[in-house]
>>> print(open('model22.cif').read())   # mmCIF, N, CA and C atoms
data_work
#
loop_
_atom_site.group_PDB
_atom_site.id
_atom_site.type_symbol
_atom_site.label_atom_id
_atom_site.label_comp_id
_atom_site.auth_asym_id
_atom_site.auth_seq_id
_atom_site.Cartn_x
_atom_site.Cartn_y
_atom_site.Cartn_z
ATOM 1 N N MET J 23 121.867 112.749 85.985
ATOM 2 C CA MET J 23 121.798 111.312 85.809
ATOM 3 C C MET J 23 122.344 110.953 84.436
ATOM 4 N N PRO J 24 123.211 109.958 84.334
ATOM 5 C CA PRO J 24 123.753 109.586 83.026
ATOM 6 C C PRO J 24 122.646 109.121 82.096
ATOM 7 N N SER J 25 122.802 109.407 80.808
ATOM 8 C CA SER J 25 121.791 108.950 79.863
ATOM 9 C C SER J 25 121.842 107.433 79.767
ATOM 10 N N GLY J 26 120.677 106.859 79.471
ATOM 11 C CA GLY J 26 120.616 105.415 79.309
ATOM 12 C C GLY J 26 120.717 104.645 80.596
ATOM 13 N N SER J 27 120.192 105.200 81.706
ATOM 14 C CA SER J 27 120.322 104.488 82.965
ATOM 15 C C SER J 27 118.991 103.999 83.536
ATOM 16 N N ILE J 28 117.868 104.336 82.904
ATOM 17 C CA ILE J 28 116.567 103.910 83.416
ATOM 18 C C ILE J 28 116.061 102.725 82.601
ATOM 19 N N ALA J 29 116.013 101.560 83.242
ATOM 20 C CA ALA J 29 115.463 100.367 82.596
ATOM 21 C C ALA J 29 113.966 100.343 82.838
ATOM 22 N N VAL J 30 113.213 100.123 81.768
ATOM 23 C CA VAL J 30 111.761 100.046 81.867
ATOM 24 C C VAL J 30 111.333 98.634 81.492
ATOM 25 N N ILE J 31 110.675 97.954 82.436
ATOM 26 C CA ILE J 31 110.169 96.609 82.209
ATOM 27 C C ILE J 31 108.673 96.728 81.936
ATOM 28 N N SER J 32 108.232 96.173 80.806
ATOM 29 C CA SER J 32 106.813 96.207 80.452
ATOM 30 C C SER J 32 106.318 94.795 80.191
ATOM 31 N N VAL J 33 105.065 94.551 80.568
ATOM 32 C CA VAL J 33 104.414 93.274 80.293
ATOM 33 C C VAL J 33 103.121 93.568 79.547
ATOM 34 N N ASN J 34 102.966 92.995 78.361
ATOM 35 C CA ASN J 34 101.785 93.180 77.527
ATOM 36 C C ASN J 34 101.501 94.665 77.282
ATOM 37 N N GLY J 35 102.564 95.453 77.101
ATOM 38 C CA GLY J 35 102.428 96.874 76.804
ATOM 39 C C GLY J 35 102.199 97.763 78.015
ATOM 40 N N GLU J 36 102.081 97.186 79.202
ATOM 41 C CA GLU J 36 101.867 97.958 80.425
ATOM 42 C C GLU J 36 103.177 98.036 81.209
ATOM 43 N N GLU J 37 103.511 99.232 81.683
ATOM 44 C CA GLU J 37 104.742 99.372 82.468
ATOM 45 C C GLU J 37 104.612 98.577 83.761
ATOM 46 N N TYR J 38 105.624 97.747 84.024
ATOM 47 C CA TYR J 38 105.657 96.894 85.212
ATOM 48 C C TYR J 38 106.545 97.515 86.291
ATOM 49 N N GLU J 39 107.727 97.989 85.882
ATOM 50 C CA GLU J 39 108.670 98.575 86.845
ATOM 51 C C GLU J 39 109.705 99.408 86.109
ATOM 52 N N ARG J 40 110.183 100.458 86.784
ATOM 53 C CA ARG J 40 111.287 101.296 86.289
ATOM 54 C C ARG J 40 112.433 101.172 87.284
ATOM 55 N N ILE J 41 113.649 101.008 86.770
ATOM 56 C CA ILE J 41 114.816 100.825 87.640
ATOM 57 C C ILE J 41 115.932 101.741 87.164
ATOM 58 N N ASP J 42 116.453 102.559 88.074
ATOM 59 C CA ASP J 42 117.622 103.379 87.764
ATOM 60 C C ASP J 42 118.847 102.501 87.970
ATOM 61 N N LEU J 43 119.433 102.040 86.871
ATOM 62 C CA LEU J 43 120.552 101.096 86.951
ATOM 63 C C LEU J 43 121.793 101.705 87.593
ATOM 64 N N GLN J 44 121.913 103.031 87.540
ATOM 65 C CA GLN J 44 123.075 103.684 88.155
ATOM 66 C C GLN J 44 122.975 103.711 89.679
ATOM 67 N N SER J 45 121.755 103.556 90.228
ATOM 68 C CA SER J 45 121.596 103.594 91.683
ATOM 69 C C SER J 45 121.608 102.199 92.312
ATOM 70 N N VAL J 46 121.708 101.158 91.484
ATOM 71 C CA VAL J 46 121.756 99.784 92.005
ATOM 72 C C VAL J 46 123.112 99.564 92.672
ATOM 73 N N GLN J 47 123.082 99.128 93.929
ATOM 74 C CA GLN J 47 124.318 98.877 94.669
ATOM 75 C C GLN J 47 124.730 97.402 94.633
ATOM 76 N N GLU J 48 123.743 96.524 94.788
ATOM 77 C CA GLU J 48 124.001 95.083 94.824
ATOM 78 C C GLU J 48 123.120 94.387 93.786
ATOM 79 N N PRO J 49 123.627 93.375 93.105
ATOM 80 C CA PRO J 49 122.805 92.633 92.149
ATOM 81 C C PRO J 49 121.613 91.962 92.839
ATOM 82 N N TYR J 50 120.495 91.899 92.131
ATOM 83 C CA TYR J 50 119.316 91.203 92.643
ATOM 84 C C TYR J 50 118.473 90.711 91.479
ATOM 85 N N ASP J 51 117.539 89.804 91.778
ATOM 86 C CA ASP J 51 116.659 89.235 90.766
ATOM 87 C C ASP J 51 115.217 89.624 91.041
ATOM 88 N N ILE J 52 114.445 89.773 89.962
ATOM 89 C CA ILE J 52 113.013 90.037 90.055
ATOM 90 C C ILE J 52 112.319 88.898 89.331
ATOM 91 N N GLU J 53 111.400 88.227 90.008
ATOM 92 C CA GLU J 53 110.594 87.200 89.348
ATOM 93 C C GLU J 53 109.323 87.872 88.842
ATOM 94 N N ILE J 54 109.104 87.792 87.539
ATOM 95 C CA ILE J 54 107.903 88.363 86.929
ATOM 96 C C ILE J 54 107.051 87.200 86.458
ATOM 97 N N LYS J 55 105.973 86.960 87.203
ATOM 98 C CA LYS J 55 105.086 85.833 86.913
ATOM 99 C C LYS J 55 103.732 86.397 86.503
ATOM 100 N N THR J 56 103.331 86.143 85.271
ATOM 101 C CA THR J 56 102.048 86.632 84.767
ATOM 102 C C THR J 56 101.302 85.470 84.114
ATOM 103 N N LYS J 57 100.109 85.748 83.613
ATOM 104 C CA LYS J 57 99.350 84.697 82.925
ATOM 105 C C LYS J 57 100.030 84.268 81.633
ATOM 106 N N TYR J 58 100.987 85.056 81.147
ATOM 107 C CA TYR J 58 101.702 84.736 79.911
ATOM 108 C C TYR J 58 102.902 83.831 80.151
ATOM 109 N N GLY J 59 103.464 83.871 81.359
ATOM 110 C CA GLY J 59 104.638 83.068 81.671
ATOM 111 C C GLY J 59 105.462 83.700 82.782
ATOM 112 N N THR J 60 106.634 83.126 83.027
ATOM 113 C CA THR J 60 107.508 83.581 84.107
ATOM 114 C C THR J 60 108.895 83.912 83.559
ATOM 115 N N ASN J 61 109.425 85.044 84.005
ATOM 116 C CA ASN J 61 110.790 85.439 83.665
ATOM 117 C C ASN J 61 111.517 85.833 84.938
ATOM 118 N N ILE J 62 112.809 85.551 84.979
ATOM 119 C CA ILE J 62 113.670 86.056 86.050
ATOM 120 C C ILE J 62 114.544 87.135 85.426
ATOM 121 N N VAL J 63 114.403 88.351 85.950
ATOM 122 C CA VAL J 63 115.175 89.495 85.466
ATOM 123 C C VAL J 63 116.294 89.750 86.470
ATOM 124 N N HIS J 64 117.527 89.784 85.982
ATOM 125 C CA HIS J 64 118.687 90.039 86.835
ATOM 126 C C HIS J 64 119.100 91.500 86.681
ATOM 127 N N VAL J 65 119.138 92.198 87.815
ATOM 128 C CA VAL J 65 119.500 93.617 87.843
ATOM 129 C C VAL J 65 120.834 93.739 88.558
ATOM 130 N N GLU J 66 121.751 94.499 87.964
ATOM 131 C CA GLU J 66 123.057 94.725 88.588
ATOM 132 C C GLU J 66 123.460 96.169 88.303
ATOM 133 N N PRO J 67 124.467 96.675 88.992
ATOM 134 C CA PRO J 67 124.870 98.059 88.740
ATOM 135 C C PRO J 67 125.172 98.299 87.262
ATOM 136 N N GLY J 68 124.362 99.135 86.620
ATOM 137 C CA GLY J 68 124.597 99.505 85.228
ATOM 138 C C GLY J 68 124.133 98.523 84.168
ATOM 139 N N ALA J 69 123.480 97.422 84.544
ATOM 140 C CA ALA J 69 123.078 96.422 83.551
ATOM 141 C C ALA J 69 121.829 95.666 83.995
ATOM 142 N N ILE J 70 121.143 95.090 83.004
ATOM 143 C CA ILE J 70 119.950 94.284 83.271
ATOM 144 C C ILE J 70 119.903 93.159 82.252
ATOM 145 N N SER J 71 119.362 92.007 82.636
ATOM 146 C CA SER J 71 119.267 90.863 81.725
ATOM 147 C C SER J 71 118.140 89.947 82.177
ATOM 148 N N ILE J 72 117.760 89.028 81.303
ATOM 149 C CA ILE J 72 116.831 87.965 81.668
ATOM 150 C C ILE J 72 117.665 86.702 81.803
ATOM 151 N N THR J 73 117.602 86.068 82.973
ATOM 152 C CA THR J 73 118.424 84.882 83.214
ATOM 153 C C THR J 73 117.639 83.582 83.131
ATOM 154 N N SER J 74 116.305 83.673 83.181
ATOM 155 C CA SER J 74 115.482 82.478 83.100
ATOM 156 C C SER J 74 114.131 82.869 82.523
ATOM 157 N N ALA J 75 113.555 81.968 81.714
ATOM 158 C CA ALA J 75 112.261 82.241 81.109
ATOM 159 C C ALA J 75 111.519 80.939 80.861
ATOM 160 N N SER J 76 110.197 81.000 80.986
ATOM 161 C CA SER J 76 109.374 79.808 80.752
ATOM 162 C C SER J 76 109.034 79.624 79.278
ATOM 163 N N CYS J 77 109.467 80.548 78.419
ATOM 164 C CA CYS J 77 109.183 80.444 76.989
ATOM 165 C C CYS J 77 109.979 79.291 76.368
ATOM 166 N N PRO J 78 109.522 78.771 75.228
ATOM 167 C CA PRO J 78 110.206 77.602 74.642
ATOM 168 C C PRO J 78 111.556 77.896 73.988
ATOM 169 N N ASP J 79 111.743 79.093 73.408
ATOM 170 C CA ASP J 79 112.967 79.323 72.630
ATOM 171 C C ASP J 79 114.109 80.005 73.387
ATOM 172 N N LYS J 80 113.822 80.676 74.484
ATOM 173 C CA LYS J 80 114.843 81.327 75.335
ATOM 174 C C LYS J 80 115.663 82.394 74.604
ATOM 175 N N VAL J 81 115.117 82.986 73.538
ATOM 176 C CA VAL J 81 115.824 84.053 72.827
ATOM 177 C C VAL J 81 116.138 85.206 73.778
ATOM 178 N N CYS J 82 115.205 85.515 74.681
ATOM 179 C CA CYS J 82 115.398 86.619 75.625
ATOM 180 C C CYS J 82 116.591 86.370 76.552
ATOM 181 N N VAL J 83 116.799 85.135 76.952
ATOM 182 C CA VAL J 83 117.930 84.790 77.822
ATOM 183 C C VAL J 83 119.239 84.905 77.034
ATOM 184 N N LYS J 84 119.206 84.471 75.761
ATOM 185 C CA LYS J 84 120.400 84.497 74.921
ATOM 186 C C LYS J 84 120.833 85.919 74.560
ATOM 187 N N GLN J 85 119.933 86.900 74.688
ATOM 188 C CA GLN J 85 120.290 88.281 74.357
ATOM 189 C C GLN J 85 121.349 88.845 75.311
ATOM 190 N N GLY J 86 121.451 88.294 76.498
ATOM 191 C CA GLY J 86 122.498 88.713 77.429
ATOM 192 C C GLY J 86 122.205 90.032 78.122
ATOM 193 N N ARG J 87 123.264 90.653 78.646
ATOM 194 C CA ARG J 87 123.154 91.880 79.435
ATOM 195 C C ARG J 87 122.907 93.094 78.552
ATOM 196 N N MET J 88 122.080 93.987 79.057
ATOM 197 C CA MET J 88 121.810 95.248 78.380
ATOM 198 C C MET J 88 122.345 96.356 79.288
ATOM 199 N N THR J 89 123.182 97.226 78.716
ATOM 200 C CA THR J 89 123.799 98.279 79.529
ATOM 201 C C THR J 89 123.437 99.682 79.064
ATOM 202 N N GLY J 90 122.798 99.793 77.930
ATOM 203 C CA GLY J 90 122.428 101.109 77.423
ATOM 204 C C GLY J 90 121.300 100.992 76.433
ATOM 205 N N GLY J 91 121.020 102.095 75.763
ATOM 206 C CA GLY J 91 119.954 102.074 74.764
ATOM 207 C C GLY J 91 120.297 101.134 73.633
ATOM 208 N N GLY J 92 119.387 101.019 72.709
ATOM 209 C CA GLY J 92 119.614 100.122 71.584
ATOM 210 C C GLY J 92 118.499 99.119 71.502
ATOM 211 N N ILE J 93 118.829 97.901 71.124
ATOM 212 C CA ILE J 93 117.824 96.863 70.936
ATOM 213 C C ILE J 93 117.312 96.395 72.300
ATOM 214 N N PRO J 94 116.007 96.455 72.511
ATOM 215 C CA PRO J 94 115.465 95.999 73.798
ATOM 216 C C PRO J 94 115.538 94.485 73.930
ATOM 217 N N ILE J 95 115.448 93.999 75.146
ATOM 218 C CA ILE J 95 115.338 92.569 75.410
ATOM 219 C C ILE J 95 113.847 92.246 75.327
ATOM 220 N N VAL J 96 113.496 91.266 74.511
ATOM 221 C CA VAL J 96 112.097 90.945 74.290
ATOM 222 C C VAL J 96 111.853 89.452 74.490
ATOM 223 N N CYS J 97 110.821 89.130 75.258
ATOM 224 C CA CYS J 97 110.338 87.755 75.381
ATOM 225 C C CYS J 97 108.926 87.759 74.804
ATOM 226 N N MET J 98 108.817 87.457 73.511
ATOM 227 C CA MET J 98 107.525 87.528 72.818
ATOM 228 C C MET J 98 106.460 86.622 73.438
ATOM 229 N N PRO J 99 106.763 85.343 73.702
ATOM 230 C CA PRO J 99 105.703 84.487 74.255
ATOM 231 C C PRO J 99 105.162 84.996 75.590
ATOM 232 N N ASN J 100 106.027 85.568 76.415
ATOM 233 C CA ASN J 100 105.619 86.050 77.734
ATOM 234 C C ASN J 100 105.238 87.529 77.724
ATOM 235 N N ARG J 101 105.302 88.154 76.545
ATOM 236 C CA ARG J 101 104.921 89.559 76.339
ATOM 237 C C ARG J 101 105.688 90.514 77.251
ATOM 238 N N LEU J 102 106.969 90.215 77.463
ATOM 239 C CA LEU J 102 107.820 91.039 78.323
ATOM 240 C C LEU J 102 108.852 91.772 77.474
ATOM 241 N N VAL J 103 109.010 93.065 77.748
ATOM 242 C CA VAL J 103 109.994 93.882 77.039
ATOM 243 C C VAL J 103 110.782 94.676 78.080
ATOM 244 N N ILE J 104 112.100 94.705 77.922
ATOM 245 C CA ILE J 104 112.955 95.549 78.758
ATOM 246 C C ILE J 104 113.681 96.511 77.826
ATOM 247 N N SER J 105 113.489 97.803 78.074
ATOM 248 C CA SER J 105 114.189 98.813 77.278
ATOM 249 C C SER J 105 114.864 99.777 78.232
ATOM 250 N N ILE J 106 115.806 100.550 77.708
ATOM 251 C CA ILE J 106 116.497 101.540 78.519
ATOM 252 C C ILE J 106 116.219 102.905 77.934
ATOM 253 N N GLU J 107 115.703 103.781 78.778
ATOM 254 C CA GLU J 107 115.371 105.148 78.351
ATOM 255 C C GLU J 107 116.606 106.023 78.390
ATOM 256 N N GLY J 108 116.566 107.082 77.584
ATOM 257 C CA GLY J 108 117.643 108.063 77.597
ATOM 258 C C GLY J 108 118.900 107.547 76.950
ATOM 259 N N SER J 109 118.757 106.972 75.755
ATOM 260 C CA SER J 109 119.913 106.401 75.077
ATOM 261 C C SER J 109 120.833 107.457 74.488
ATOM 262 N N GLY J 110 120.443 108.743 74.646
ATOM 263 C CA GLY J 110 121.287 109.809 74.135
ATOM 264 C C GLY J 110 121.069 110.091 72.668
ATOM 265 N N ILE J 111 120.062 109.484 72.055
ATOM 266 C CA ILE J 111 119.751 109.710 70.655
ATOM 267 C C ILE J 111 118.757 110.865 70.547
ATOM 268 N N ASP J 112 119.129 111.906 69.817
ATOM 269 C CA ASP J 112 118.232 113.039 69.611
ATOM 270 C C ASP J 112 117.623 112.945 68.224
ATOM 271 N N GLY J 113 116.351 113.396 68.144
ATOM 272 C CA GLY J 113 115.671 113.328 66.854
ATOM 273 C C GLY J 113 115.877 114.548 66.015
#
>>> encode(input="model22.cif", output="structure tokens")
Amino acid sequence: MPSGSIAVISVNGEEYERIDLQSVQEPYDIEIKTKYGTNIVHVEPGAISITSASCPDKVCVKQGRMTGGGIPIVCMPNRLVISIEGSGIDG
């Protein structure tokens, strides 16, 4: 499996879902509705993004598509974090 292909979605520090972005065939959306707020996560082959959020500033939406490791997508008000595992960085 290529490095940096597993997207991990967490809400309030708890893992919500893991997605192998390399195995995605068709784009789809996931609605994540919690007591903190609502986000629409867009999943496509090799990439993930937040396309809609109930938070006031929409910083998470402005972050755009994530295709590999690096800076995670974070929606602080809704306590949602999307990171990609296996960025190929060794310690």
>>> resolve_selection(input="model22.cif", expression="the PyMOL selection byres (((chain J and resi 43-55 and name CA) around 10) and name CA)", output="number ranges by chain")
J: 23-29, 31, 33, 38, 40-42, 56-76, 89-90, 100, 102, 106
>>> resolve_selection(input="model22.cif", expression="the PyMOL selection byres ((chain J and resi 82) around 6)", output="JSON, numbers by chain")
{"J": [72, 79, 80, 81, 83, 84, 85, 86, 95, 96, 97]}
>>> atom_distance(input="model22.cif", atom1="CA of Glu39 in chain J", atom2="CA of Ser105 in chain J")
11.0 Å
>>> atom_distance(input="model22.cif", atom1="CA of Arg87 in chain J", atom2="CA of Gly108 in chain J")
17.2 Å
>>> atom_distance(input="model22.cif", atom1="CA of Gly35 in chain J", atom2="atom C of Ile93 in chain J")
15.6 Å
>>> select_by_dssp(input="model22.cif", residues="chain J", states="strand (DSSP E)", output="ChimeraX atom specification")
/J:28-33,36-42,50-56,59-66,69-75,95-97,102-107
>>> select_by_dssp(input="model22.cif", residues="range 47-111 of chain J", states="helix (DSSP H, G or I)", output="ChimeraX atom specification")
/J:81-84
>>> decode(input="model22.cif", residues="range 35-57 of chain J", atoms="N, CA, C and O atoms", output="PDB file, in the first residue's frame")
ATOM      1  N   GLY J  35     -11.192  13.754  19.567  1.00  0.00           N
ATOM      2  CA  GLY J  35     -10.116  12.844  19.936  1.00  0.00           C
ATOM      3  C   GLY J  35     -10.432  11.368  19.758  1.00  0.00           C
ATOM      4  O   GLY J  35      -9.571  10.517  19.973  1.00  0.00           O
ATOM      5  N   GLU J  36     -11.648  11.034  19.352  1.00  0.00           N
ATOM      6  CA  GLU J  36     -12.045   9.642  19.145  1.00  0.00           C
ATOM      7  C   GLU J  36     -12.063   9.340  17.646  1.00  0.00           C
ATOM      8  O   GLU J  36     -12.625  10.117  16.868  1.00  0.00           O
ATOM      9  N   GLU J  37     -11.487   8.204  17.266  1.00  0.00           N
ATOM     10  CA  GLU J  37     -11.494   7.841  15.845  1.00  0.00           C
ATOM     11  C   GLU J  37     -12.927   7.602  15.390  1.00  0.00           C
ATOM     12  O   GLU J  37     -13.678   6.858  16.001  1.00  0.00           O
ATOM     13  N   TYR J  38     -13.290   8.255  14.283  1.00  0.00           N
ATOM     14  CA  TYR J  38     -14.635   8.157  13.714  1.00  0.00           C
ATOM     15  C   TYR J  38     -14.646   7.179  12.538  1.00  0.00           C
ATOM     16  O   TYR J  38     -15.519   6.336  12.424  1.00  0.00           O
ATOM     17  N   GLU J  39     -13.648   7.306  11.656  1.00  0.00           N
ATOM     18  CA  GLU J  39     -13.586   6.438  10.471  1.00  0.00           C
ATOM     19  C   GLU J  39     -12.185   6.471   9.884  1.00  0.00           C
ATOM     20  O   GLU J  39     -11.492   7.474   9.969  1.00  0.00           O
ATOM     21  N   ARG J  40     -11.789   5.347   9.280  1.00  0.00           N
ATOM     22  CA  ARG J  40     -10.523   5.237   8.536  1.00  0.00           C
ATOM     23  C   ARG J  40     -10.873   4.924   7.088  1.00  0.00           C
ATOM     24  O   ARG J  40     -11.706   4.069   6.832  1.00  0.00           O
ATOM     25  N   ILE J  41     -10.207   5.603   6.157  1.00  0.00           N
ATOM     26  CA  ILE J  41     -10.504   5.416   4.732  1.00  0.00           C
ATOM     27  C   ILE J  41      -9.197   5.239   3.977  1.00  0.00           C
ATOM     28  O   ILE J  41      -8.306   6.091   4.068  1.00  0.00           O
ATOM     29  N   ASP J  42      -9.095   4.150   3.221  1.00  0.00           N
ATOM     30  CA  ASP J  42      -7.943   3.950   2.345  1.00  0.00           C
ATOM     31  C   ASP J  42      -8.224   4.716   1.061  1.00  0.00           C
ATOM     32  O   ASP J  42      -9.023   4.289   0.227  1.00  0.00           O
ATOM     33  N   LEU J  43      -7.579   5.867   0.908  1.00  0.00           N
ATOM     34  CA  LEU J  43      -7.856   6.741  -0.236  1.00  0.00           C
ATOM     35  C   LEU J  43      -7.458   6.116  -1.567  1.00  0.00           C
ATOM     36  O   LEU J  43      -7.998   6.482  -2.610  1.00  0.00           O
ATOM     37  N   GLN J  44      -6.516   5.172  -1.535  1.00  0.00           N
ATOM     38  CA  GLN J  44      -6.098   4.515  -2.780  1.00  0.00           C
ATOM     39  C   GLN J  44      -7.142   3.518  -3.277  1.00  0.00           C
ATOM     40  O   GLN J  44      -7.145   3.153  -4.455  1.00  0.00           O
ATOM     41  N   SER J  45      -8.040   3.056  -2.386  1.00  0.00           N
ATOM     42  CA  SER J  45      -9.051   2.082  -2.801  1.00  0.00           C
ATOM     43  C   SER J  45     -10.378   2.740  -3.184  1.00  0.00           C
ATOM     44  O   SER J  45     -11.308   2.055  -3.614  1.00  0.00           O
ATOM     45  N   VAL J  46     -10.465   4.064  -3.049  1.00  0.00           N
ATOM     46  CA  VAL J  46     -11.692   4.781  -3.422  1.00  0.00           C
ATOM     47  C   VAL J  46     -11.810   4.786  -4.944  1.00  0.00           C
ATOM     48  O   VAL J  46     -10.889   5.197  -5.644  1.00  0.00           O
ATOM     49  N   GLN J  47     -12.951   4.318  -5.445  1.00  0.00           N
ATOM     50  CA  GLN J  47     -13.180   4.278  -6.888  1.00  0.00           C
ATOM     51  C   GLN J  47     -13.972   5.490  -7.387  1.00  0.00           C
ATOM     52  O   GLN J  47     -13.679   6.041  -8.432  1.00  0.00           O
ATOM     53  N   GLU J  48     -14.993   5.866  -6.623  1.00  0.00           N
ATOM     54  CA  GLU J  48     -15.865   6.979  -7.005  1.00  0.00           C
ATOM     55  C   GLU J  48     -15.928   7.987  -5.858  1.00  0.00           C
ATOM     56  O   GLU J  48     -15.989   7.592  -4.694  1.00  0.00           O
ATOM     57  N   PRO J  49     -15.951   9.275  -6.151  1.00  0.00           N
ATOM     58  CA  PRO J  49     -16.078  10.279  -5.094  1.00  0.00           C
ATOM     59  C   PRO J  49     -17.397  10.123  -4.330  1.00  0.00           C
ATOM     60  O   PRO J  49     -18.418   9.743  -4.909  1.00  0.00           O
ATOM     61  N   TYR J  50     -17.352  10.402  -3.036  1.00  0.00           N
ATOM     62  CA  TYR J  50     -18.562  10.379  -2.217  1.00  0.00           C
ATOM     63  C   TYR J  50     -18.394  11.321  -1.037  1.00  0.00           C
ATOM     64  O   TYR J  50     -17.290  11.771  -0.746  1.00  0.00           O
ATOM     65  N   ASP J  51     -19.513  11.638  -0.381  1.00  0.00           N
ATOM     66  CA  ASP J  51     -19.510  12.535   0.767  1.00  0.00           C
ATOM     67  C   ASP J  51     -19.947  11.793   2.019  1.00  0.00           C
ATOM     68  O   ASP J  51     -20.768  10.869   1.951  1.00  0.00           O
ATOM     69  N   ILE J  52     -19.393  12.213   3.159  1.00  0.00           N
ATOM     70  CA  ILE J  52     -19.786  11.681   4.460  1.00  0.00           C
ATOM     71  C   ILE J  52     -20.282  12.862   5.273  1.00  0.00           C
ATOM     72  O   ILE J  52     -19.575  13.860   5.417  1.00  0.00           O
ATOM     73  N   GLU J  53     -21.497  12.767   5.793  1.00  0.00           N
ATOM     74  CA  GLU J  53     -22.003  13.802   6.693  1.00  0.00           C
ATOM     75  C   GLU J  53     -21.670  13.371   8.117  1.00  0.00           C
ATOM     76  O   GLU J  53     -22.059  12.297   8.558  1.00  0.00           O
ATOM     77  N   ILE J  54     -20.921  14.209   8.816  1.00  0.00           N
ATOM     78  CA  ILE J  54     -20.559  13.933  10.207  1.00  0.00           C
ATOM     79  C   ILE J  54     -21.297  14.943  11.064  1.00  0.00           C
ATOM     80  O   ILE J  54     -20.965  16.130  11.080  1.00  0.00           O
ATOM     81  N   LYS J  55     -22.333  14.449  11.742  1.00  0.00           N
ATOM     82  CA  LYS J  55     -23.181  15.312  12.565  1.00  0.00           C
ATOM     83  C   LYS J  55     -23.012  14.885  14.017  1.00  0.00           C
ATOM     84  O   LYS J  55     -23.304  13.746  14.360  1.00  0.00           O
ATOM     85  N   THR J  56     -22.488  15.776  14.839  1.00  0.00           N
ATOM     86  CA  THR J  56     -22.280  15.480  16.256  1.00  0.00           C
ATOM     87  C   THR J  56     -22.857  16.624  17.088  1.00  0.00           C
ATOM     88  O   THR J  56     -23.331  17.618  16.528  1.00  0.00           O
ATOM     89  N   LYS J  57     -22.756  16.501  18.401  1.00  0.00           N
ATOM     90  CA  LYS J  57     -23.243  17.580  19.269  1.00  0.00           C
ATOM     91  C   LYS J  57     -22.414  18.847  19.107  1.00  0.00           C
ATOM     92  O   LYS J  57     -22.833  19.926  19.507  1.00  0.00           O
TER      93      LYS J  57
END
